[in-house]
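Report on one structure; see the data block that follows.
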Amino acid sequence: MHPHRTPPAGSQEPLFGLDAMPSAPPAEPAPPGGAFRDSAQARRLLAIREIHAEPAAAASPRGRQILARFPEARLIEVASHWRIPELHGNEGSADRWMRIKRETLVLGVKKTLTTRPNGRSADWIAPGPSNGCALSCVYCYVPRRKGFANPITVFTNIDRIITHLGRHIAAQGPKQEPNQCDPEAWVYDIGENGDCSVDALICDNTADLVRAFRDWPTAKASFATKFVNPDLLELDPRGRTRIRFSLMPADDSRLLDLRTSPVDRRIAAAQDFLDAGYEVHFNLSPVVLRPGWQDAWAELLRQLDDVLPQRVKQQALAEVIMLTHNADLHEVNLRWHPRGEDVLWQPATQQTKRSENGALNLRYRTGIKRQALTDLRELVARHTPWLGIRYAF
């Protein structure tokens, strides 16, 4: 670290006093052959050069582990992980969208720990260990709240998050009735605002959560991902974590799922994760309506049927999520990836709708969406009859 280096214009002063901190606690030993997060591929995805940190986050054990992992990164003190004017509030950040995701990291303390009911993907949405992502999915809803940049914010008080979850799970007691989330366990989504597979390249937050849930017999963790991280195969989840690989047709993914693992790689990984002790489901998400979309989804579903072994099919379920877009995100995307907006921004087929959090979003018009869901359900029944749909919206 270089805590006394003069920051560039527009940056805040470097965090003081870090030289006096105790050294970072040792990380767990890497699996035989070395950890994937130390590979050249992982370091291409995350080549961190700048870390914006709340003082308490930097001083915490997890914060010190992260700083030790990126020793050459310039460290900048911020009062709040939400309020970083030169990042989230700087219009010019949108022009450096991809570079910021690769080179910038934010460390914060999650001050409000709330577990709220869901009922769709999970019974509960847990307080997540991160906000934002190093991947660059053009339709991502998280940047709508942030502004002109969306790097990963890692929350370093993972011990408090796990303690909160343990108390919440204990208060629920055993699940009395099956529901579409799970027949027996309370399901907690631990990655609503980030990608836990990517977070695991930075620190052990994801590993700590997976290990915690394997000791909670009435609950399961769940998270969606578009990134295949082999390090997660070493965590021994014992069936208490559900990983949901998000899928879309390959051509759509190449245009809209930037920096993610290729779709065929996500599909191929399903059997490895099942064999490692995960429950493996799929998100058919988002469904983007464009000329030929039905044929593209049919091809993807045939690929699933051809590639996946029977043991994966027997336990797999799917969620179907139609595209939701947003006018502010549209304007930001035009600054860094206008080609993606050619298919996402279709006002003739979309209508505005107020979301649960108060945001004004764009969704496909009611009749168009209803027909598209019917069409997709028919494609699933035809090409992957073994794939039950837990919910679709």
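For the structure tokens, the naming scheme is as follows: chains receive sequential letters (A, B, ...) according to their order of presentation, residues are indexed from 1 within each chain, and ligands are indexed from 1 in presentation order.
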
Inset, instruction - Could you give me, as number ranges by chain, each residue of region 176-333 of chain A that DSSP assigns to strand (DSSP E or B) when run on this structure's backbone? - result: A: 186-189, 219-225, 241-247, 257-258, 279-287, 317-322, 324-326

Legend entry - Residues of region 20-185 of chain A in alpha helix (DSSP H), written as a PyMOL selection string: chain A and resi 40-45+55-59+61-69+97-103+143-146+158-172

Legend entry - Who sits within 9 Å of Trp97 (chain A), only C-alpha atoms, same chain under 4 positions skipped, as a PyMOL selection string: chain A and resi 93+101-102+136+148-151+333+335-336

Sorted per-residue table, region 192-250 of chain A near region 298-306 of chain A, closest atoms and distance, 8 Å, only C-alpha atoms, as CSV:
residue,atom,partner,partner_atom,distance
A:Met248,CA,A:Leu300,CA,7.3
A:Pro249,CA,A:Leu300,CA,5.7
A:Ala250,CA,A:Leu300,CA,7.7

Inset, instruction - Could you give me, as a PyMOL selection string, the residues within 10 Å of Ala327 (chain A), counting only C-alpha atoms and dropping anything in the same chain fewer than 4 positions from it? - result: chain A and resi 144+331-333+345+352+360-362

For the selection you just gave me, I'd like the residues written to a file as a PDB file, in the first residue's frame, keeping N, CA and C atoms.
ATOM      1  N   ARG A 144     -28.814   1.339 -10.891  1.00  0.00           N
ATOM      2  CA  ARG A 144     -29.868   2.347 -10.914  1.00  0.00           C
ATOM      3  C   ARG A 144     -29.837   3.214  -9.661  1.00  0.00           C
ATOM      4  N   GLU A 331     -29.667   5.830 -20.032  1.00  0.00           N
ATOM      5  CA  GLU A 331     -28.812   6.972 -20.344  1.00  0.00           C
ATOM      6  C   GLU A 331     -27.358   6.691 -19.996  1.00  0.00           C
ATOM      7  N   VAL A 332     -27.130   6.010 -18.870  1.00  0.00           N
ATOM      8  CA  VAL A 332     -25.761   5.652 -18.497  1.00  0.00           C
ATOM      9  C   VAL A 332     -25.185   4.655 -19.502  1.00  0.00           C
ATOM     10  N   ASN A 333     -25.980   3.660 -19.866  1.00  0.00           N
ATOM     11  CA  ASN A 333     -25.486   2.632 -20.794  1.00  0.00           C
ATOM     12  C   ASN A 333     -25.107   3.202 -22.148  1.00  0.00           C
ATOM     13  N   TRP A 345     -33.738  -1.278 -24.986  1.00  0.00           N
ATOM     14  CA  TRP A 345     -34.605  -0.099 -24.964  1.00  0.00           C
ATOM     15  C   TRP A 345     -35.579  -0.170 -26.137  1.00  0.00           C
ATOM     16  N   THR A 352     -44.144   1.770 -18.379  1.00  0.00           N
ATOM     17  CA  THR A 352     -43.558   2.113 -17.092  1.00  0.00           C
ATOM     18  C   THR A 352     -44.336   1.449 -15.966  1.00  0.00           C
ATOM     19  N   LEU A 360     -39.113   3.956 -10.893  1.00  0.00           N
ATOM     20  CA  LEU A 360     -39.967   3.898 -12.072  1.00  0.00           C
ATOM     21  C   LEU A 360     -39.211   3.138 -13.162  1.00  0.00           C
ATOM     22  N   ASN A 361     -39.659   1.936 -13.460  1.00  0.00           N
ATOM     23  CA  ASN A 361     -38.957   1.058 -14.384  1.00  0.00           C
ATOM     24  C   ASN A 361     -39.784   0.792 -15.631  1.00  0.00           C
ATOM     25  N   LEU A 362     -39.126   0.200 -16.612  1.00  0.00           N
ATOM     26  CA  LEU A 362     -39.783  -0.189 -17.853  1.00  0.00           C
ATOM     27  C   LEU A 362     -39.871  -1.705 -17.918  1.00  0.00           C
TER      28      LEU A 362
END

Legend entry - Contacts of Pro262 (chain A) within 10 Å, only C-alpha atoms, excl. fewer than 4 positions in-chain, as a list in words: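 So the residues in contact are Lys226, Phe227, Val228, Leu247, Ala250, Ser253, Arg254, Asp257, Leu258, Arg266 and Ile267 of chain A.
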
Inset, instruction - Might you pull out every residue within 12 Å of Ser285 (chain A), with only C-alpha atoms counted and same-chain residues fewer than 4 positions away left off, and present them as an NGL selection string? - result: :A and (137 or 139-140 or 224-226 or 244-249 or 252-253 or 256-257 or 263 or 289 or 297 or 318-324 or 373 or 376 or 391-393)

Selection file, C-alpha atoms, as a tab-separated table (two decimals), in the first residue's frame:
chain	number	residue	atom	x	y	z
A	137	CYS	CA	-24.38	-7.08	-17.39
A	139	TYR	CA	-29.42	-4.68	-17.71
A	140	CYS	CA	-28.24	-4.94	-14.06
A	224	ALA	CA	-27.52	-16.47	-8.60
A	225	THR	CA	-24.30	-16.24	-10.59
A	226	LYS	CA	-23.00	-15.69	-14.10
A	244	ARG	CA	-28.49	-20.68	-9.51
A	245	PHE	CA	-26.66	-20.39	-12.80
A	246	SER	CA	-28.20	-17.57	-14.83
A	247	LEU	CA	-28.62	-18.46	-18.49
A	248	MET	CA	-29.68	-16.75	-21.70
A	249	PRO	CA	-29.04	-17.52	-25.39
A	252	ASP	CA	-27.70	-12.37	-26.18
A	253	SER	CA	-25.09	-13.11	-23.53
A	256	LEU	CA	-25.45	-8.13	-22.77
A	257	ASP	CA	-23.53	-10.27	-20.23
A	263	VAL	CA	-23.06	-19.64	-21.14
A	289	LEU	CA	-37.70	-10.01	-26.58
A	297	TRP	CA	-34.25	-19.94	-26.39
A	318	ALA	CA	-35.76	-22.86	-12.88
A	319	GLU	CA	-36.86	-19.28	-12.41
A	320	VAL	CA	-37.97	-17.21	-15.38
A	321	ILE	CA	-37.51	-13.44	-15.25
A	322	MET	CA	-38.51	-11.10	-18.04
A	323	LEU	CA	-36.38	-8.04	-18.72
A	324	THR	CA	-36.92	-4.97	-16.57
A	373	LEU	CA	-44.19	-16.22	-20.77
A	376	LEU	CA	-41.35	-19.78	-23.06
A	391	TYR	CA	-41.90	-19.06	-10.71
A	392	ALA	CA	-42.02	-16.74	-13.71
A	393	PHE	CA	-42.63	-13.01	-13.85

Legend entry - Residues within 9 Å of Gly63 (chain A), only C-alpha atoms, excluding chain neighbours under 2 positions, as a list in words: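 Listing them by chain and then by number gives Ala24, Ala53, Ala56, Ala57, Ala58, Ala59, Ser60, Pro61, Gln65, Ile66, Leu67, Ala68, Leu107, Gly108, Val154, Phe155, Thr156, Asn157 and Cys203 of chain A.
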
Go ahead and write the selection's residues with N, CA and C atoms as a tab-separated table (two decimals), in the first residue's frame.
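Below is the file that was written, part.tsv:
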chain	number	residue	atom	x	y	z
A	24	ALA	N	-2.61	-8.38	8.70
A	24	ALA	CA	-3.85	-9.11	8.41
A	24	ALA	C	-3.76	-10.53	8.95
A	53	ALA	N	-12.23	3.24	0.96
A	53	ALA	CA	-12.57	2.49	2.17
A	53	ALA	C	-13.06	3.40	3.28
A	56	ALA	N	-13.51	2.26	9.36
A	56	ALA	CA	-13.81	1.07	10.13
A	56	ALA	C	-13.71	-0.19	9.28
A	57	ALA	N	-14.07	-0.09	8.00
A	57	ALA	CA	-13.98	-1.24	7.11
A	57	ALA	C	-12.53	-1.62	6.86
A	58	ALA	N	-11.68	-0.63	6.63
A	58	ALA	CA	-10.26	-0.90	6.38
A	58	ALA	C	-9.58	-1.49	7.61
A	59	ALA	N	-10.02	-1.08	8.79
A	59	ALA	CA	-9.37	-1.52	10.02
A	59	ALA	C	-9.85	-2.89	10.49
A	60	SER	N	-10.93	-3.40	9.96
A	60	SER	CA	-11.49	-4.67	10.41
A	60	SER	C	-10.62	-5.84	9.93
A	61	PRO	N	-10.74	-6.99	10.57
A	61	PRO	CA	-9.96	-8.16	10.11
A	61	PRO	C	-10.20	-8.49	8.64
A	65	GLN	N	-7.47	-8.20	5.48
A	65	GLN	CA	-7.20	-9.30	4.55
A	65	GLN	C	-7.29	-8.84	3.10
A	66	ILE	N	-8.31	-8.04	2.81
A	66	ILE	CA	-8.50	-7.56	1.44
A	66	ILE	C	-7.37	-6.61	1.05
A	67	LEU	N	-6.99	-5.71	1.93
A	67	LEU	CA	-5.90	-4.79	1.63
A	67	LEU	C	-4.59	-5.55	1.41
A	68	ALA	N	-4.38	-6.61	2.18
A	68	ALA	CA	-3.17	-7.41	1.99
A	68	ALA	C	-3.19	-8.15	0.66
A	107	LEU	N	-14.71	-0.58	0.08
A	107	LEU	CA	-14.90	-1.32	1.32
A	107	LEU	C	-15.80	-0.53	2.25
A	108	GLY	N	-16.83	-1.18	2.76
A	108	GLY	CA	-17.75	-0.50	3.66
A	108	GLY	C	-18.19	-1.41	4.79
A	154	VAL	N	-17.54	-4.25	-1.02
A	154	VAL	CA	-17.49	-5.40	-0.12
A	154	VAL	C	-17.77	-4.91	1.30
A	155	PHE	N	-18.69	-5.60	1.98
A	155	PHE	CA	-18.97	-5.28	3.37
A	155	PHE	C	-18.10	-6.17	4.25
A	156	THR	N	-17.32	-5.53	5.09
A	156	THR	CA	-16.30	-6.26	5.84
A	156	THR	C	-16.78	-6.82	7.17
A	157	ASN	N	-17.96	-6.40	7.63
A	157	ASN	CA	-18.45	-6.91	8.91
A	157	ASN	C	-19.26	-8.20	8.71
A	203	CYS	N	-12.27	-12.06	-1.26
A	203	CYS	CA	-12.13	-12.39	0.16
A	203	CYS	C	-12.98	-13.61	0.47

Legend entry - Separation of CA of Phe70 (chain A) from CA of Leu45 (chain A) in Å: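 These two atoms are separated by 13.5 Å.
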
Legend entry - Of the listed residues A:Ala359, A:Ile76, A:Ala170, A:Ala372, that which approaches Trp293 (chain A) most closely, counting only C-alpha atoms: A:Ala372

Inset, instruction - Just give me the gap between CA of Ile243 (chain A) and CA of Ala316 (chain A) in Å, one decimal is fine. - result: 10.5 Å

Inset, instruction - Measure the distance from CA of Leu105 (chain A) to CA of Arg145 (chain A) in Å and round it to one decimal. - result: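 Going from CA of Leu105 (chain A) over to CA of Arg145 (chain A), I get 17.2 Å.
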